[in-house]
$ cat model21.pdb   # PDB, C-alpha atoms
ATOM      1  CA  MET A  93       0.000   0.000   0.000
ATOM      2  CA  ASN A  94       1.241   3.467  -0.742
ATOM      3  CA  VAL A  95      -0.016   6.770   0.585
ATOM      4  CA  THR A  96      -2.064   7.603  -2.524
ATOM      5  CA  THR A  97      -3.992   4.314  -2.331
ATOM      6  CA  GLY A  98      -4.002   4.119   1.472
ATOM      7  CA  PRO A  99      -6.510   5.683   3.838
ATOM      8  CA  TRP A 100      -5.498   9.294   3.063
ATOM      9  CA  SER A 101      -6.101   8.775  -0.710
ATOM     10  CA  GLY A 102      -4.815  12.227  -1.708
ATOM     11  CA  VAL A 103      -3.797  15.580  -0.262
ATOM     12  CA  HIS A 104      -7.332  16.900  -0.722
ATOM     13  CA  ALA A 105      -8.765  14.034   1.386
ATOM     14  CA  VAL A 106      -6.430  14.408   4.386
ATOM     15  CA  PHE A 107      -8.438  17.171   6.076
ATOM     16  CA  ASP A 108     -11.713  15.205   6.042
ATOM     17  CA  ARG A 109     -10.039  11.989   7.208
ATOM     18  CA  LEU A 110      -8.749  13.710  10.358
ATOM     19  CA  GLU A 111     -12.258  13.881  11.810
ATOM     20  CA  GLY A 112     -12.794  11.553  14.775
ATOM     21  CA  SER A 113     -10.777  10.182  17.688
ATOM     22  CA  TRP A 114      -7.092   9.323  17.788
ATOM     23  CA  ASP A 115      -4.693   7.825  20.361
ATOM     24  CA  LEU A 116      -1.597   9.954  20.742
ATOM     25  CA  ASP A 117       1.896   9.149  21.943
ATOM     26  CA  ARG A 118       4.249  12.134  22.333
ATOM     27  CA  THR A 119       7.927  12.354  23.164
ATOM     28  CA  ILE A 120       9.534  15.644  24.134
ATOM     29  CA  GLU A 121      13.207  14.843  23.805
ATOM     30  CA  ASP A 122      14.953  14.487  27.205
ATOM     31  CA  GLN A 123      12.042  16.234  28.973
ATOM     32  CA  ALA A 124       8.751  14.324  28.957
ATOM     33  CA  THR A 125       6.359  11.858  27.376
ATOM     34  CA  MET A 126       2.608  12.096  26.928
ATOM     35  CA  THR A 127      -0.069   9.532  26.179
ATOM     36  CA  GLY A 128      -3.689  10.369  25.628
ATOM     37  CA  THR A 129      -6.363  11.035  23.061
ATOM     38  CA  ALA A 130      -7.041  13.652  20.438
ATOM     39  CA  ARG A 131     -10.356  14.449  18.821
ATOM     40  CA  PHE A 132     -11.074  16.386  15.637
ATOM     41  CA  THR A 133     -14.698  17.547  15.803
ATOM     42  CA  ARG A 134     -16.435  18.936  12.724
ATOM     43  CA  GLN A 135     -17.581  22.538  13.256
ATOM     44  CA  HIS A 136     -18.653  22.929   9.619
ATOM     45  CA  ALA A 137     -17.447  21.686   6.235
ATOM     46  CA  ASP A 138     -14.117  23.520   6.369
ATOM     47  CA  VAL A 139     -13.393  23.664  10.125
ATOM     48  CA  LEU A 140     -12.327  21.028  12.636
ATOM     49  CA  ALA A 141     -11.938  21.779  16.348
ATOM     50  CA  TYR A 142      -8.982  19.881  17.826
ATOM     51  CA  ARG A 143      -8.667  18.908  21.484
ATOM     52  CA  GLU A 144      -6.062  16.642  23.040
ATOM     53  CA  GLU A 145      -5.892  15.465  26.605
ATOM     54  CA  GLY A 146      -3.705  13.025  28.430
ATOM     55  CA  ARG A 147      -1.056  12.329  31.014
ATOM     56  CA  VAL A 148       2.392  13.889  30.861
ATOM     57  CA  ARG A 149       5.289  12.150  32.584
ATOM     58  CA  LEU A 150       8.193  14.524  33.198
ATOM     59  CA  ALA A 151      11.811  13.368  33.190
ATOM     60  CA  ASP A 152      11.877  13.659  37.000
ATOM     61  CA  GLY A 153       8.940  11.206  37.266
ATOM     62  CA  LYS A 154       6.169  13.709  38.032
ATOM     63  CA  VAL A 155       2.870  13.003  36.283
ATOM     64  CA  LEU A 156       0.489  15.773  35.202
ATOM     65  CA  ASP A 157      -2.823  15.995  33.356
ATOM     66  CA  ALA A 158      -2.639  18.154  30.226
ATOM     67  CA  HIS A 159      -4.807  19.367  27.370
ATOM     68  CA  ARG A 160      -4.428  21.590  24.315
ATOM     69  CA  GLU A 161      -6.829  22.968  21.713
ATOM     70  CA  TYR A 162      -6.477  24.261  18.152
ATOM     71  CA  ARG A 163      -8.729  25.028  15.207
ATOM     72  CA  PHE A 164      -7.959  23.470  11.802
ATOM     73  CA  GLU A 165      -9.325  25.092   8.636
ATOM     74  CA  ARG A 166      -9.254  23.532   5.189
ATOM     75  CA  ALA A 167      -6.857  25.096   2.693
ATOM     76  CA  PRO A 168      -6.472  24.261  -1.037
ATOM     77  CA  ARG A 169      -3.680  21.668  -0.520
ATOM     78  CA  GLY A 170      -3.726  21.191   3.246
ATOM     79  CA  PHE A 171      -4.897  23.186   6.236
ATOM     80  CA  THR A 172      -4.263  26.197   8.447
ATOM     81  CA  VAL A 173      -3.902  25.690  12.197
ATOM     82  CA  PHE A 174      -5.128  28.431  14.526
ATOM     83  CA  PHE A 175      -4.649  28.828  18.257
ATOM     84  CA  ALA A 176      -7.959  28.282  20.084
ATOM     85  CA  GLU A 177      -8.408  31.881  21.141
ATOM     86  CA  GLU A 178     -10.474  34.916  20.219
ATOM     87  CA  PRO A 179      -9.750  36.494  17.928
ATOM     88  CA  PRO A 180      -8.215  33.504  16.095
ATOM     89  CA  ARG A 181      -4.475  33.716  15.530
ATOM     90  CA  VAL A 182      -2.598  31.612  12.956
ATOM     91  CA  PHE A 183      -0.108  29.084  14.316
ATOM     92  CA  HIS A 184       0.917  27.822  10.875
ATOM     93  CA  GLN A 185      -0.229  26.912   7.371
ATOM     94  CA  ILE A 186       0.532  23.446   6.059
ATOM     95  CA  GLU A 187       0.647  22.677   2.345
ATOM     96  CA  LEU A 188       0.894  18.940   1.711
ATOM     97  CA  ALA A 189       2.790  17.158  -1.045
ATOM     98  CA  CYS A 190       3.644  13.534  -1.727
ATOM     99  CA  ASP A 191       6.982  12.680  -0.084
ATOM    100  CA  GLY A 192       7.916   9.019  -0.536
ATOM    101  CA  ASP A 193       5.529   6.957   1.600
ATOM    102  CA  ALA A 194       3.736  10.001   3.035
ATOM    103  CA  PHE A 195       1.914  13.214   2.403
ATOM    104  CA  ALA A 196       4.059  15.785   4.158
ATOM    105  CA  GLY A 197       4.181  19.477   4.892
ATOM    106  CA  HIS A 198       6.056  21.874   7.125
ATOM    107  CA  ALA A 199       5.898  25.420   8.413
ATOM    108  CA  THR A 200       7.787  27.871  10.596
ATOM    109  CA  HIS A 201       6.187  30.038  13.270
ATOM    110  CA  LEU A 202       7.882  32.880  15.130
ATOM    111  CA  CYS A 203       6.683  33.069  18.724
ATOM    112  CA  SER A 204       9.069  35.865  19.562
ATOM    113  CA  PRO A 205      11.742  35.320  20.563
ATOM    114  CA  ASP A 206      11.453  31.537  19.887
ATOM    115  CA  ILE A 207      11.038  29.790  16.515
ATOM    116  CA  TYR A 208       8.869  26.713  15.919
ATOM    117  CA  ASP A 209       9.676  24.485  12.928
ATOM    118  CA  SER A 210       6.752  22.097  12.517
ATOM    119  CA  SER A 211       6.274  19.081  10.272
ATOM    120  CA  TYR A 212       3.330  16.833   9.462
ATOM    121  CA  ARG A 213       3.611  13.356   7.884
ATOM    122  CA  PHE A 214       0.510  11.378   6.938
ATOM    123  CA  LEU A 215       1.649   7.781   6.428
ATOM    124  CA  ALA A 216       0.307   4.975   4.215
ATOM    125  CA  ASP A 217      -0.664   2.880   7.267
ATOM    126  CA  GLY A 218      -3.213   5.534   8.318
ATOM    127  CA  THR A 219      -1.139   7.037  11.134
ATOM    128  CA  PHE A 220       0.327  10.503  11.174
ATOM    129  CA  VAL A 221       3.159  12.277  12.976
ATOM    130  CA  ILE A 222       3.425  15.912  14.017
ATOM    131  CA  GLY A 223       6.890  17.167  14.936
ATOM    132  CA  HIS A 224       8.012  20.465  16.435
ATOM    133  CA  THR A 225      11.574  21.700  16.784
ATOM    134  CA  VAL A 226      11.562  24.764  19.028
ATOM    135  CA  ARG A 227      14.641  26.957  19.424
ATOM    136  CA  GLY A 228      15.211  30.226  21.204
ATOM    137  CA  PRO A 229      16.136  31.839  24.484
ATOM    138  CA  ARG A 230      12.949  30.678  26.276
ATOM    139  CA  LYS A 231      12.406  27.247  24.731
ATOM    140  CA  ASP A 232      14.658  24.542  23.338
ATOM    141  CA  TYR A 233      13.134  21.141  22.573
ATOM    142  CA  VAL A 234      12.121  18.619  19.932
ATOM    143  CA  SER A 235       8.766  16.861  20.147
ATOM    144  CA  ALA A 236       7.189  14.140  18.023
ATOM    145  CA  THR A 237       3.604  12.944  18.344
ATOM    146  CA  LEU A 238       2.323   9.759  16.726
ATOM    147  CA  PHE A 239      -1.435   9.570  16.100
ATOM    148  CA  LYS A 240      -3.241   6.246  15.548
ATOM    149  CA  ARG A 241      -6.942   5.997  14.776
ATOM    150  CA  ARG A 242      -8.764   5.156  18.019
ATOM    151  CA  LYS A 243     -10.565   1.816  17.956
ATOM    152  CA  ALA A 244     -14.253   1.860  18.843
ATOM    153  CA  PRO A 245     -14.869   0.425  22.351
TER     154      PRO A 245
END

$ encode --input "model21.pdb" --output "structure tokens"
Amino acid sequence: MNVTTGPWSGVHAVFDRLEGSWDLDRTIEDQATMTGTARFTRQHADVLAYREEGRVRLADGKVLDAHREYRFERAPRGFTVFFAEEPPRVFHQIELACDGDAFAGHATHLCSPDIYDSSYRFLADGTFVIGHTVRGPRKDYVSATLFKRRKAP
């Protein structure tokens, strides 16, 4: 199976196939791990609300509950991600292209004075990975989150 015949079936289909529940497994290099769930909820044809929640285990062993929210809007060859705030503020715009066994896209976001380099890879097996490399005087880390479609109970 390749990414164009797999569950994503094309860059234009990725946005719609995000809808629903996902298990997530995140690693923040040398700092923490997180396991939990993410849900993309349809707001209307071109908008998905994103909410993740789970348990974060810090490198020192402490365990915390965490959640995060974004808004995803359809774009011609991908999507735009907004922070969940009013008024909406763009986090980044992702344009997808075929890249080997994946549809992939990346973007850079300046959160002064730090810089976020983000990547998305939608794989032929139906999973996807979001990565962030954050550099600057306030933040310095690399995170990778693997999303797998949540099985119905």

$ closest_residue --input "model21.pdb" --among "A:Met126, A:Ala158, A:Ala167, A:Ala244" --to "Ala105 of chain A" --atoms "all atoms listed in the file"
A:Ala167

$ residues_near_point --input "model21.pdb" --point "(6.1, 4.5, -3.3)" --cutoff "6 Å" --atoms "only C-alpha atoms" --output "ChimeraX atom specification"
/A:94,192-193

$ closest_residue --input "model21.pdb" --among "A:Ala196, A:Leu202, A:Leu188, A:Val182" --to "Gly223 of chain A" --atoms "all atoms listed in the file"
A:Ala196

$ atom_distance --input "model21.pdb" --atom1 "atom CA of Ala141 of chain A" --atom2 "atom CA of Gln185 of chain A"
15.6 Å

$ resolve_selection --input "model21.pdb" --expression "the PyMOL selection byres ((chain A and resi 218-222) around 12)" --output "PyMOL selection string"
chain A and resi 93-101+106+109-110+114-120+186+193-199+209-217+223-225+234-242

$ atom_distance --input "model21.pdb" --atom1 "atom CA of Thr172 of chain A" --atom2 "atom CA of Glu145 of chain A"
21.2 Å

$ resolve_selection --input "model21.pdb" --expression "the PyMOL selection byres ((chain A and resi 156) around 12)" --output "PyMOL selection string"
chain A and resi 124-128+145-155+157-159

$ closest_residue --input "model21.pdb" --among "A:Pro168, A:Asp122, A:Arg143, A:Glu161" --to "Phe107 of chain A" --atoms "all atoms listed in the file"
A:Pro168

$ atom_distance --input "model21.pdb" --atom1 "atom CA of Glu121 of chain A" --atom2 "atom CA of Phe174 of chain A"
24.6 Å

$ build_atoms --input "model21.pdb" --residues "segment 197-229 of chain A" --atoms "N, CA and C atoms" --output "CSV table (one decimal), keeping the file's coordinate frame"
chain,number,residue,atom,x,y,z
A,197,GLY,N,4.1,18.0,5.0
A,197,GLY,CA,4.2,19.5,4.9
A,197,GLY,C,4.9,20.0,6.1
A,198,HIS,N,5.4,21.3,6.0
A,198,HIS,CA,6.1,21.9,7.1
A,198,HIS,C,5.8,23.4,7.1
A,199,ALA,N,6.1,24.0,8.3
A,199,ALA,CA,5.9,25.4,8.4
A,199,ALA,C,6.8,25.9,9.5
A,200,THR,N,7.0,27.2,9.5
A,200,THR,CA,7.8,27.9,10.6
A,200,THR,C,6.9,29.0,11.2
A,201,HIS,N,7.0,29.0,12.5
A,201,HIS,CA,6.2,30.0,13.3
A,201,HIS,C,7.1,30.8,14.2
A,202,LEU,N,7.1,32.1,14.2
A,202,LEU,CA,7.9,32.9,15.1
A,202,LEU,C,7.0,33.2,16.3
A,203,CYS,N,7.4,32.7,17.5
A,203,CYS,CA,6.7,33.1,18.7
A,203,CYS,C,7.8,33.8,19.5
A,204,SER,N,7.9,35.1,19.1
A,204,SER,CA,9.1,35.9,19.6
A,204,SER,C,9.3,35.7,21.1
A,205,PRO,N,10.5,35.4,21.4
A,205,PRO,CA,11.7,35.3,20.6
A,205,PRO,C,12.1,33.9,20.1
A,206,ASP,N,11.2,32.9,20.3
A,206,ASP,CA,11.5,31.5,19.9
A,206,ASP,C,10.9,31.2,18.5
A,207,ILE,N,11.5,30.2,17.8
A,207,ILE,CA,11.0,29.8,16.5
A,207,ILE,C,10.6,28.3,16.6
A,208,TYR,N,9.4,28.1,16.0
A,208,TYR,CA,8.9,26.7,15.9
A,208,TYR,C,9.0,26.3,14.5
A,209,ASP,N,9.7,25.2,14.2
A,209,ASP,CA,9.7,24.5,12.9
A,209,ASP,C,8.8,23.2,13.1
A,210,SER,N,7.7,23.2,12.4
A,210,SER,CA,6.8,22.1,12.5
A,210,SER,C,6.7,21.3,11.2
A,211,SER,N,6.4,20.0,11.4
A,211,SER,CA,6.3,19.1,10.3
A,211,SER,C,5.1,18.1,10.5
A,212,TYR,N,4.4,17.8,9.4
A,212,TYR,CA,3.3,16.8,9.5
A,212,TYR,C,3.6,15.8,8.4
A,213,ARG,N,3.4,14.5,8.8
A,213,ARG,CA,3.6,13.4,7.9
A,213,ARG,C,2.4,12.4,8.0
A,214,PHE,N,1.7,12.3,7.0
A,214,PHE,CA,0.5,11.4,6.9
A,214,PHE,C,0.9,10.1,6.2
A,215,LEU,N,1.0,9.0,6.9
A,215,LEU,CA,1.6,7.8,6.4
A,215,LEU,C,0.6,6.8,5.8
A,216,ALA,N,1.1,5.9,4.9
A,216,ALA,CA,0.3,5.0,4.2
A,216,ALA,C,-0.5,4.0,5.1
A,217,ASP,N,0.0,3.8,6.4
A,217,ASP,CA,-0.7,2.9,7.3
A,217,ASP,C,-1.8,3.6,8.0
A,218,GLY,N,-2.1,4.8,7.7
A,218,GLY,CA,-3.2,5.5,8.3
A,218,GLY,C,-2.8,6.3,9.6
A,219,THR,N,-1.6,6.2,10.0
A,219,THR,CA,-1.1,7.0,11.1
A,219,THR,C,-0.6,8.4,10.6
A,220,PHE,N,-0.4,9.3,11.6
A,220,PHE,CA,0.3,10.5,11.2
A,220,PHE,C,1.2,11.0,12.3
A,221,VAL,N,2.2,11.8,12.0
A,221,VAL,CA,3.2,12.3,13.0
A,221,VAL,C,3.3,13.8,12.8
A,222,ILE,N,3.2,14.5,14.0
A,222,ILE,CA,3.4,15.9,14.0
A,222,ILE,C,4.7,16.1,14.8
A,223,GLY,N,5.6,16.9,14.2
A,223,GLY,CA,6.9,17.2,14.9
A,223,GLY,C,7.1,18.7,15.1
A,224,HIS,N,7.7,19.1,16.2
A,224,HIS,CA,8.0,20.5,16.4
A,224,HIS,C,9.5,20.5,16.9
A,225,THR,N,10.2,21.4,16.3
A,225,THR,CA,11.6,21.7,16.8
A,225,THR,C,11.5,23.2,17.2
A,226,VAL,N,11.7,23.4,18.5
A,226,VAL,CA,11.6,24.8,19.0
A,226,VAL,C,12.9,25.2,19.5
A,227,ARG,N,13.3,26.4,19.0
A,227,ARG,CA,14.6,27.0,19.4
A,227,ARG,C,14.5,28.4,19.8
A,228,GLY,N,15.2,28.8,20.8
A,228,GLY,CA,15.2,30.2,21.2
A,228,GLY,C,15.7,30.4,22.6
A,229,PRO,N,15.6,31.6,23.1
A,229,PRO,CA,16.1,31.8,24.5
A,229,PRO,C,15.2,31.3,25.6
